[in-house]
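This is query.pdb. It holds PDB, C-alpha atoms.
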ATOM      1  CA  PHE A 716     109.141  99.259  70.029
ATOM      2  CA  VAL A 717     105.621 100.437  69.371
ATOM      3  CA  GLN A 718     102.751 101.630  71.468
ATOM      4  CA  ILE A 719     101.283  98.512  73.049
ATOM      5  CA  GLY A 720      97.576  99.247  72.853
ATOM      6  CA  ASN A 721      95.174 101.697  71.286
ATOM      7  CA  ARG A 722      92.684 102.270  74.111
ATOM      8  CA  GLY A 723      95.088 103.860  76.534
ATOM      9  CA  THR A 724      95.187 107.299  78.125
ATOM     10  CA  VAL A 725      98.931 107.402  77.498
ATOM     11  CA  THR A 726      99.721 107.863  73.817
ATOM     12  CA  GLU A 727     102.830 108.738  71.845
ATOM     13  CA  ALA A 728     104.045 112.276  72.481
ATOM     14  CA  SER A 729     104.351 114.153  69.195
ATOM     15  CA  GLY A 730     107.580 116.013  68.476
ATOM     16  CA  PHE A 731     109.266 113.599  70.828
ATOM     17  CA  ASN A 732     112.912 114.331  71.599
ATOM     18  CA  PRO A 733     114.518 111.870  74.022
ATOM     19  CA  ASP A 734     117.591 114.085  74.545
ATOM     20  CA  ASP A 735     115.413 117.026  75.596
ATOM     21  CA  ASP A 736     113.430 114.816  77.950
ATOM     22  CA  ALA A 737     116.619 113.385  79.470
ATOM     23  CA  GLN A 738     117.820 116.944  80.079
ATOM     24  CA  LYS A 739     114.521 117.925  81.704
ATOM     25  CA  LEU A 740     114.764 114.964  84.051
ATOM     26  CA  ARG A 741     118.397 115.797  84.851
ATOM     27  CA  GLU A 742     117.364 119.373  85.692
ATOM     28  CA  ALA A 743     114.497 118.100  87.850
ATOM     29  CA  MET A 744     116.976 116.195  90.014
ATOM     30  CA  LYS A 745     119.874 118.670  90.139
ATOM     31  CA  GLY A 746     120.761 120.482  93.335
ATOM     32  CA  ALA A 747     118.697 120.458  96.496
ATOM     33  CA  GLY A 748     115.170 119.102  96.283
ATOM     34  CA  THR A 749     113.419 117.471  93.362
ATOM     35  CA  ASP A 750     111.031 118.972  90.819
ATOM     36  CA  GLU A 751     108.362 116.235  90.930
ATOM     37  CA  ALA A 752     106.029 118.161  88.629
ATOM     38  CA  ALA A 753     108.644 118.122  85.864
ATOM     39  CA  ILE A 754     109.149 114.376  86.297
ATOM     40  CA  ILE A 755     105.405 113.758  86.069
ATOM     41  CA  LYS A 756     105.092 116.015  83.020
ATOM     42  CA  VAL A 757     107.647 113.984  81.108
ATOM     43  CA  LEU A 758     107.094 110.392  82.216
ATOM     44  CA  ALA A 759     103.285 110.287  82.469
ATOM     45  CA  HIS A 760     102.964 111.576  78.903
ATOM     46  CA  ARG A 761     105.312 109.248  77.041
ATOM     47  CA  THR A 762     104.727 105.680  75.936
ATOM     48  CA  ILE A 763     106.783 102.816  77.335
ATOM     49  CA  ALA A 764     108.781 102.710  74.091
ATOM     50  CA  GLN A 765     109.509 106.445  74.309
ATOM     51  CA  ARG A 766     110.585 106.071  77.939
ATOM     52  CA  GLN A 767     113.119 103.426  76.877
ATOM     53  CA  ARG A 768     114.657 105.952  74.500
ATOM     54  CA  ILE A 769     114.749 108.556  77.278
ATOM     55  CA  LYS A 770     116.585 106.041  79.499
ATOM     56  CA  LEU A 771     119.149 105.524  76.736
ATOM     57  CA  ALA A 772     119.578 109.257  76.116
ATOM     58  CA  TYR A 773     119.978 109.845  79.858
ATOM     59  CA  LYS A 774     122.655 107.172  80.118
ATOM     60  CA  GLN A 775     124.514 108.696  77.150
ATOM     61  CA  SER A 776     124.354 112.305  78.289
ATOM     62  CA  VAL A 777     124.545 111.965  82.074
ATOM     63  CA  GLY A 778     126.459 108.704  82.215
ATOM     64  CA  LYS A 779     124.159 107.310  84.885
ATOM     65  CA  ASP A 780     121.150 105.036  85.098
ATOM     66  CA  LEU A 781     117.885 107.004  85.066
ATOM     67  CA  ALA A 782     115.983 104.482  87.203
ATOM     68  CA  GLU A 783     118.754 104.491  89.824
ATOM     69  CA  ASP A 784     118.860 108.294  89.936
ATOM     70  CA  LEU A 785     115.082 108.567  90.261
ATOM     71  CA  SER A 786     115.071 105.828  92.850
ATOM     72  CA  SER A 787     117.482 107.745  95.076
ATOM     73  CA  GLU A 788     115.587 111.046  94.625
ATOM     74  CA  LEU A 789     112.049 109.767  95.185
ATOM     75  CA  SER A 790     110.305 107.669  97.792
ATOM     76  CA  GLY A 791     107.074 105.922  98.710
ATOM     77  CA  HIS A 792     104.218 105.182  96.338
ATOM     78  CA  PHE A 793     105.238 107.974  93.965
ATOM     79  CA  GLN A 794     108.606 106.280  93.505
ATOM     80  CA  SER A 795     106.880 102.929  92.824
ATOM     81  CA  VAL A 796     104.758 104.465  90.055
ATOM     82  CA  VAL A 797     107.697 106.253  88.402
ATOM     83  CA  LEU A 798     109.961 103.203  88.454
ATOM     84  CA  GLY A 799     107.122 101.058  87.113
ATOM     85  CA  LEU A 800     106.593 103.455  84.210
ATOM     86  CA  LEU A 801     110.232 103.076  83.170
ATOM     87  CA  MET A 802     109.955  99.317  82.671
ATOM     88  CA  PRO A 803     108.823  97.569  79.487
ATOM     89  CA  ALA A 804     105.547  95.696  80.114
ATOM     90  CA  PRO A 805     106.909  92.144  80.558
ATOM     91  CA  VAL A 806     109.737  93.460  82.754
ATOM     92  CA  TYR A 807     107.243  95.234  85.018
ATOM     93  CA  ASP A 808     105.026  92.149  85.226
ATOM     94  CA  ALA A 809     108.010  89.912  86.038
ATOM     95  CA  TYR A 810     109.187  92.424  88.645
ATOM     96  CA  GLU A 811     105.748  92.513  90.281
ATOM     97  CA  LEU A 812     105.447  88.718  90.270
ATOM     98  CA  ASN A 813     108.875  88.356  91.833
ATOM     99  CA  ALA A 814     108.066  90.961  94.500
ATOM    100  CA  ALA A 815     104.811  89.142  95.273
ATOM    101  CA  MET A 816     106.716  85.951  96.052
ATOM    102  CA  LYS A 817     109.765  87.420  97.800
ATOM    103  CA  GLY A 818     110.270  86.907 101.526
ATOM    104  CA  ALA A 819     107.659  85.484 103.841
ATOM    105  CA  GLY A 820     104.108  85.208 102.593
ATOM    106  CA  THR A 821     102.797  85.609  99.070
ATOM    107  CA  GLU A 822     100.700  88.370  97.567
ATOM    108  CA  GLU A 823      98.213  86.030  95.868
ATOM    109  CA  ALA A 824      96.282  88.981  94.429
ATOM    110  CA  CYS A 825      99.270  89.963  92.321
ATOM    111  CA  LEU A 826      99.775  86.447  90.941
ATOM    112  CA  ILE A 827      96.075  86.227  90.096
ATOM    113  CA  ASP A 828      95.779  89.717  88.560
ATOM    114  CA  ILE A 829      98.687  89.171  86.211
ATOM    115  CA  LEU A 830      98.423  85.479  85.333
ATOM    116  CA  ALA A 831      94.663  85.494  84.721
ATOM    117  CA  SER A 832      94.682  88.579  82.501
ATOM    118  CA  ARG A 833      97.720  88.317  80.237
ATOM    119  CA  SER A 834      97.528  86.818  76.755
ATOM    120  CA  ASN A 835      99.640  83.855  75.658
ATOM    121  CA  SER A 836     102.142  86.074  73.866
ATOM    122  CA  GLU A 837     102.369  88.382  76.887
ATOM    123  CA  MET A 838     102.876  85.345  79.122
ATOM    124  CA  ASN A 839     105.672  84.044  76.896
ATOM    125  CA  ALA A 840     107.490  87.373  77.145
ATOM    126  CA  ILE A 841     107.040  87.458  80.937
ATOM    127  CA  ASN A 842     108.398  83.906  81.271
ATOM    128  CA  GLU A 843     111.452  84.838  79.218
ATOM    129  CA  VAL A 844     112.175  88.008  81.200
ATOM    130  CA  TYR A 845     111.609  86.270  84.531
ATOM    131  CA  LYS A 846     114.192  83.594  83.824
ATOM    132  CA  LYS A 847     116.734  86.153  82.632
ATOM    133  CA  GLU A 848     116.202  88.573  85.545
ATOM    134  CA  TYR A 849     115.721  86.156  88.436
ATOM    135  CA  GLY A 850     117.732  83.113  87.439
ATOM    136  CA  LYS A 851     114.881  80.606  87.634
ATOM    137  CA  THR A 852     111.719  79.892  85.728
ATOM    138  CA  LEU A 853     108.507  81.583  86.762
ATOM    139  CA  GLU A 854     106.963  78.123  87.028
ATOM    140  CA  ASP A 855     109.591  77.045  89.587
ATOM    141  CA  ALA A 856     109.048  80.257  91.546
ATOM    142  CA  VAL A 857     105.275  79.776  91.598
ATOM    143  CA  CYS A 858     105.597  76.097  92.557
ATOM    144  CA  GLY A 859     107.922  76.987  95.391
ATOM    145  CA  ASP A 860     105.517  79.577  96.722
ATOM    146  CA  THR A 861     102.042  78.106  96.293
ATOM    147  CA  SER A 862     100.467  74.700  96.728
ATOM    148  CA  GLY A 863      97.555  72.425  95.889
ATOM    149  CA  MET A 864      94.937  73.180  93.316
ATOM    150  CA  PHE A 865      95.703  76.910  93.390
ATOM    151  CA  GLN A 866      99.249  76.126  92.290
ATOM    152  CA  ARG A 867      97.994  73.888  89.479
ATOM    153  CA  VAL A 868      95.739  76.608  88.138
ATOM    154  CA  LEU A 869      98.522  79.207  88.188
ATOM    155  CA  VAL A 870     100.952  76.855  86.483
ATOM    156  CA  SER A 871      98.440  76.052  83.767
ATOM    157  CA  LEU A 872      97.991  79.796  83.209
ATOM    158  CA  LEU A 873     101.679  80.511  82.866
ATOM    159  CA  THR A 874     102.778  77.505  80.849
ATOM    160  CA  ASP A 875     101.349  77.465  77.387
ATOM    161  CA  ILE A 876      97.825  76.989  78.629
ATOM    162  CA  PHE A 877      96.775  74.715  75.825
ATOM    163  CA  GLU A 878      98.738  71.878  77.397
ATOM    164  CA  ALA A 879      96.306  71.409  80.278
ATOM    165  CA  GLY A 880      95.203  67.895  79.315
ATOM    166  CA  GLU A 881      92.278  66.206  81.002
ATOM    167  CA  ALA A 882      94.056  62.909  81.320
ATOM    168  CA  ARG A 883      96.471  63.896  84.064
ATOM    169  CA  TRP A 884      94.039  64.803  86.814
ATOM    170  CA  GLY A 885      90.585  63.684  87.773
ATOM    171  CA  THR A 886      88.579  66.033  89.981
ATOM    172  CA  ASP A 887      85.680  68.306  89.064
ATOM    173  CA  GLU A 888      87.883  71.318  89.658
ATOM    174  CA  VAL A 889      90.304  69.932  87.143
ATOM    175  CA  LYS A 890      87.604  69.420  84.531
ATOM    176  CA  PHE A 891      86.657  72.975  85.178
ATOM    177  CA  LEU A 892      90.251  74.113  84.842
ATOM    178  CA  THR A 893      90.703  72.167  81.635
ATOM    179  CA  VAL A 894      87.615  73.695  80.078
ATOM    180  CA  LEU A 895      88.685  77.180  81.134
ATOM    181  CA  CYS A 896      92.273  76.936  80.028
ATOM    182  CA  VAL A 897      92.021  74.967  76.830
ATOM    183  CA  ARG A 898      89.195  76.484  74.819
ATOM    184  CA  ASN A 899      89.247  79.799  73.094
ATOM    185  CA  ARG A 900      87.388  82.839  74.373
ATOM    186  CA  ASN A 901      84.398  82.789  71.998
ATOM    187  CA  HIS A 902      83.877  79.117  72.618
ATOM    188  CA  LEU A 903      84.029  79.672  76.379
ATOM    189  CA  LEU A 904      81.534  82.514  76.380
ATOM    190  CA  ARG A 905      79.101  80.178  74.599
ATOM    191  CA  VAL A 906      79.854  77.463  77.173
ATOM    192  CA  PHE A 907      79.020  79.962  79.957
ATOM    193  CA  ASP A 908      75.712  80.788  78.253
ATOM    194  CA  GLU A 909      74.859  77.094  77.916
ATOM    195  CA  TYR A 910      75.834  76.535  81.530
ATOM    196  CA  LYS A 911      73.431  79.237  82.619
ATOM    197  CA  LYS A 912      70.585  77.685  80.615
ATOM    198  CA  ILE A 913      71.166  74.249  82.114
ATOM    199  CA  SER A 914      71.918  75.172  85.724
ATOM    200  CA  LYS A 915      69.863  78.382  85.921
ATOM    201  CA  ARG A 916      72.797  80.258  87.392
ATOM    202  CA  ASP A 917      75.919  82.073  86.222
ATOM    203  CA  ILE A 918      79.192  80.197  86.212
ATOM    204  CA  GLU A 919      80.476  82.836  88.669
ATOM    205  CA  ASP A 920      77.786  81.848  91.192
ATOM    206  CA  SER A 921      78.766  78.208  90.951
ATOM    207  CA  ILE A 922      82.417  79.055  91.505
ATOM    208  CA  LYS A 923      81.465  80.987  94.637
ATOM    209  CA  ARG A 924      79.348  78.086  95.927
ATOM    210  CA  GLU A 925      81.880  75.370  95.179
ATOM    211  CA  MET A 926      85.164  77.035  96.067
ATOM    212  CA  SER A 927      86.784  79.375  98.556
ATOM    213  CA  GLY A 928      89.950  81.377  99.184
ATOM    214  CA  SER A 929      92.608  81.840  96.516
ATOM    215  CA  LEU A 930      91.174  79.088  94.348
ATOM    216  CA  GLU A 931      87.829  80.857  94.146
ATOM    217  CA  ASP A 932      89.631  84.146  93.463
ATOM    218  CA  VAL A 933      91.675  82.789  90.578
ATOM    219  CA  PHE A 934      88.759  81.005  88.875
ATOM    220  CA  LEU A 935      86.579  84.113  89.180
ATOM    221  CA  ALA A 936      89.411  86.199  87.726
ATOM    222  CA  ILE A 937      89.794  83.846  84.754
ATOM    223  CA  VAL A 938      86.060  83.984  83.989
ATOM    224  CA  LYS A 939      85.820  87.755  84.480
ATOM    225  CA  CYS A 940      88.841  88.367  82.252
ATOM    226  CA  LEU A 941      87.293  86.207  79.554
ATOM    227  CA  ARG A 942      84.073  88.198  79.736
ATOM    228  CA  SER A 943      85.745  91.619  79.873
ATOM    229  CA  LYS A 944      89.241  92.572  80.954
ATOM    230  CA  PRO A 945      88.392  96.276  81.391
ATOM    231  CA  ALA A 946      85.453  95.365  83.651
ATOM    232  CA  PHE A 947      87.718  93.034  85.633
ATOM    233  CA  PHE A 948      90.277  95.799  86.170
ATOM    234  CA  ALA A 949      87.571  98.358  86.979
ATOM    235  CA  GLU A 950      86.330  96.081  89.755
ATOM    236  CA  ARG A 951      89.859  95.491  91.064
ATOM    237  CA  LEU A 952      90.455  99.255  91.166
ATOM    238  CA  TYR A 953      87.146  99.870  92.926
ATOM    239  CA  LYS A 954      87.887  97.241  95.568
ATOM    240  CA  SER A 955      91.405  98.603  96.070
ATOM    241  CA  MET A 956      89.953 101.989  97.067
ATOM    242  CA  LYS A 957      86.512 101.460  98.576
ATOM    243  CA  GLY A 958      86.104 101.386 102.353
ATOM    244  CA  LEU A 959      88.898 102.161 104.781
ATOM    245  CA  GLY A 960      92.445 102.278 103.502
ATOM    246  CA  THR A 961      93.790 101.711 100.019
ATOM    247  CA  THR A 962      95.476  98.634  98.600
ATOM    248  CA  ASP A 963      98.143 100.708  96.892
ATOM    249  CA  SER A 964      99.961  97.739  95.375
ATOM    250  CA  VAL A 965      96.858  96.874  93.321
ATOM    251  CA  LEU A 966      96.076 100.493  92.440
ATOM    252  CA  ILE A 967      99.642 101.164  91.258
ATOM    253  CA  ARG A 968      99.980  97.909  89.325
ATOM    254  CA  ILE A 969      96.790  98.434  87.319
ATOM    255  CA  MET A 970      97.308 102.152  86.656
ATOM    256  CA  VAL A 971     100.878 101.567  85.458
ATOM    257  CA  SER A 972     100.291  98.389  83.460
ATOM    258  CA  ARG A 973      97.039  99.385  81.709
ATOM    259  CA  ALA A 974      97.769 103.077  81.034
ATOM    260  CA  GLU A 975      98.564 102.604  77.365
ATOM    261  CA  ILE A 976      96.501  99.470  76.743
ATOM    262  CA  ASP A 977      92.870  99.903  77.827
ATOM    263  CA  MET A 978      92.578 102.623  80.483
ATOM    264  CA  LEU A 979      89.863 104.394  78.443
ATOM    265  CA  ASP A 980      87.724 101.249  78.563
ATOM    266  CA  ILE A 981      88.476 100.661  82.248
ATOM    267  CA  LYS A 982      87.292 104.206  83.046
ATOM    268  CA  GLU A 983      84.124 103.683  81.017
ATOM    269  CA  HIS A 984      83.323 100.437  82.840
ATOM    270  CA  PHE A 985      84.148 101.974  86.206
ATOM    271  CA  LEU A 986      81.656 104.775  85.667
ATOM    272  CA  LYS A 987      78.997 102.366  84.402
ATOM    273  CA  MET A 988      79.502  99.899  87.247
ATOM    274  CA  TYR A 989      79.854 102.299  90.179
ATOM    275  CA  GLY A 990      78.212 105.552  89.091
ATOM    276  CA  LYS A 991      81.364 107.520  89.905
ATOM    277  CA  SER A 992      84.428 108.296  87.844
ATOM    278  CA  LEU A 993      87.726 106.524  88.433
ATOM    279  CA  HIS A 994      89.267 110.008  88.507
ATOM    280  CA  SER A 995      87.114 111.052  91.468
ATOM    281  CA  PHE A 996      87.899 107.828  93.323
ATOM    282  CA  ILE A 997      91.662 108.239  92.912
ATOM    283  CA  LYS A 998      91.436 111.908  93.852
ATOM    284  CA  GLY A 999      89.583 111.107  97.055
ATOM    285  CA  ASP A1000      91.801 108.213  98.034
ATOM    286  CA  THR A1001      95.367 109.401  97.414
ATOM    287  CA  SER A1002      97.429 112.528  97.993
ATOM    288  CA  GLY A1003     100.527 114.484  96.992
ATOM    289  CA  ASP A1004     102.652 113.687  93.957
ATOM    290  CA  TYR A1005     101.385 110.105  94.076
ATOM    291  CA  ARG A1006      97.871 111.402  93.466
ATOM    292  CA  LYS A1007      99.077 113.781  90.747
ATOM    293  CA  ILE A1008     100.826 111.122  88.704
ATOM    294  CA  LEU A1009      97.956 108.624  89.038
ATOM    295  CA  LEU A1010      95.490 111.292  87.858
ATOM    296  CA  GLU A1011      97.691 112.000  84.828
ATOM    297  CA  LEU A1012      97.724 108.287  83.998
ATOM    298  CA  CYS A1013      93.979 108.163  84.517
ATOM    299  CA  GLY A1014      93.377 111.117  82.206
ATOM    300  CA  GLY A1015      90.628 113.699  82.581
ATOM    301  CA  GLU A1016      87.174 112.964  83.983
TER
END

As a first step, turn the structure in this file into C-alpha cells.
Amino acid sequence: FVQIGNRGTVTEASGFNPDDDAQKLREAMKGAGTDEAAIIKVLAHRTIAQRQRIKLAYKQSVGKDLAEDLSSELSGHFQSVVLGLLMPAPVYDAYELNAAMKGAGTEEACLIDILASRSNSEMNAINEVYKKEYGKTLEDAVCGDTSGMFQRVLVSLLTDIFEAGEARWGTDEVKFLTVLCVRNRNHLLRVFDEYKKISKRDIEDSIKREMSGSLEDVFLAIVKCLRSKPAFFAERLYKSMKGLGTTDSVLIRIMVSRAEIDMLDIKEHFLKMYGKSLHSFIKGDTSGDYRKILLELCGGE
C-alpha cells in the first residue's frame, strides 16, 4: 500500500499510529451521541493505505468492523463521504458503479465519470474487484443496464481498450470511437490539433453537433479527460454545485476519489476556469459535518 498520487490534498500523516487512531474513533462513537469532529480529524487526514491499517487495528482492538460501526452512527451525505474514504480506490469505484446501476434507472453520469477517467491499470483493478464483490463482470452489468452505441463506448472503455478494432463495426461514430480508444494520449492530442486545422472547429464542437444525450456526454468526457483530467473534474464539480440544488453524488464521488491523487490541480483549474475557489463553492453549497469534511478534503483556500 502506498499513497496513490502526489498532487493530492490528503497526504501521509507523519507519526502515524493506527492503534491510536482506532482508539480515537472508538472514543468518538462511545456512549450517547457521536463526536463527528474527531472522526473528521482522523479520517480526512490519513491516506487510503493508512485508513486500511486503522480498519485492521480497529477490528483487532474492538472486535468489530469499523465501516459497520460508523455506518450505524452516522447518516446522510456525511456518512457517504466517511464510508467512501474507508475504501481502497478500486473498491470505491466498483461500489459507485454498482450503486449507479442498482434498481430502476441508471446514473449515467457515474458510469461516464469513472469509465472515461480511469487508466488501464485502474480499470483492470476495478474489473477484478467488481467481479469479486458483485458476482458478475462489470461488462455484464453495464450491458444489462445500457444499450446501443452508448453501451458500446462504455464496454470499450472498460475492457482493455486497445481491443476496439475497426473491423467489427461500420458507422462514423464507431470510427470515432476506435480512434479515441485505440491511440495513445499524445497521438490523440495531435489528432485533435489536426482536426481543428482541417475542420476549423474543435473536436468537442463536432461531438456536440453530431451527437446528443449520454453518447454526447461520454465522448465529451473521453476527450476532456485526454486533454486534462483535473480540468474535467473541475468542470464536473462546478456543474454539480452551480444553480439551484447540488448533485451530491457527483460532489462526493470526486472529492473522495481525487483527494490524494490530483485535488491540488483540480483546485487550480477550478479557480482559473471560474474565478472562484472550489473551497468557497463547497462552503456556500453544503452544510454541517458534511461541509466540514469536504472542506478538509479540499484543503485550504

To test your reading of the syntax: which residues would the PyMOL selection byres ((chain A and resi 839) around 12) return for the file shown? Reply as a PDB file with C-alpha atoms, in the frame of the given file.
ATOM      1  CA  PRO A 805     106.909  92.144  80.558  1.00  0.00           C
ATOM      2  CA  VAL A 806     109.737  93.460  82.754  1.00  0.00           C
ATOM      3  CA  ASP A 808     105.026  92.149  85.226  1.00  0.00           C
ATOM      4  CA  ALA A 809     108.010  89.912  86.038  1.00  0.00           C
ATOM      5  CA  LEU A 830      98.423  85.479  85.333  1.00  0.00           C
ATOM      6  CA  ARG A 833      97.720  88.317  80.237  1.00  0.00           C
ATOM      7  CA  SER A 834      97.528  86.818  76.755  1.00  0.00           C
ATOM      8  CA  ASN A 835      99.640  83.855  75.658  1.00  0.00           C
ATOM      9  CA  SER A 836     102.142  86.074  73.866  1.00  0.00           C
ATOM     10  CA  GLU A 837     102.369  88.382  76.887  1.00  0.00           C
ATOM     11  CA  MET A 838     102.876  85.345  79.122  1.00  0.00           C
ATOM     12  CA  ALA A 840     107.490  87.373  77.145  1.00  0.00           C
ATOM     13  CA  ILE A 841     107.040  87.458  80.937  1.00  0.00           C
ATOM     14  CA  ASN A 842     108.398  83.906  81.271  1.00  0.00           C
ATOM     15  CA  GLU A 843     111.452  84.838  79.218  1.00  0.00           C
ATOM     16  CA  VAL A 844     112.175  88.008  81.200  1.00  0.00           C
ATOM     17  CA  TYR A 845     111.609  86.270  84.531  1.00  0.00           C
ATOM     18  CA  LYS A 846     114.192  83.594  83.824  1.00  0.00           C
ATOM     19  CA  THR A 852     111.719  79.892  85.728  1.00  0.00           C
ATOM     20  CA  LEU A 853     108.507  81.583  86.762  1.00  0.00           C
ATOM     21  CA  GLU A 854     106.963  78.123  87.028  1.00  0.00           C
ATOM     22  CA  LEU A 872      97.991  79.796  83.209  1.00  0.00           C
ATOM     23  CA  LEU A 873     101.679  80.511  82.866  1.00  0.00           C
ATOM     24  CA  THR A 874     102.778  77.505  80.849  1.00  0.00           C
ATOM     25  CA  ASP A 875     101.349  77.465  77.387  1.00  0.00           C
ATOM     26  CA  ILE A 876      97.825  76.989  78.629  1.00  0.00           C
TER      27      ILE A 876
END

Inset, instruction - Would you please work out which residue, of A:Phe947, A:Glu788, A:Arg741, A:Asp860, is nearest to Gly818 (chain A) when using only C-alpha atoms? - result: A:Asp860

Each region 797-827 of chain A residue no farther than 9 Å from region 754-759 of chain A, nearest pair in Å, only C-alpha atoms, as CSV:
residue,atom,partner,partner_atom,distance
A:Val797,CA,A:Leu758,CA,7.5
A:Leu800,CA,A:Leu758,CA,7.2
A:Leu801,CA,A:Leu758,CA,8.0

How about saving the chosen residues, C-alpha atoms kept, as a PDB file, in the coordinates of the input?
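This went into selection31.pdb:
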ATOM      1  CA  VAL A 797     107.697 106.253  88.402  1.00  0.00           C
ATOM      2  CA  LEU A 800     106.593 103.455  84.210  1.00  0.00           C
ATOM      3  CA  LEU A 801     110.232 103.076  83.170  1.00  0.00           C
TER       4      LEU A 801
END

Legend entry - Picked residues, the PyMOL selection byres ((chain A and resi 1009) around 12), as a PyMOL selection string: chain A and resi 724-725+755-756+758-760+792-797+800+963+966-974+978+993-1008+1010-1015

Legend entry - Nearby residues (only C-alpha atoms) at most 12 Å from Ala737 (chain A), same-chain spacing under 5 positions excluded, as an MDAnalysis selection string: chainID A and resid 731:732 742:744 753:754 757:758 765:782 784:785

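Minimum atom-to-atom distance to Ser927 (chain A), evaluated using all atoms listed in the file, belongs to A:Met864 out of A:Leu979, A:Ala747, A:Met864, A:Ala728.
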
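Between CA of Asn813 (chain A) and CA of Val870 (chain A) there is a distance of 15.0 Å.
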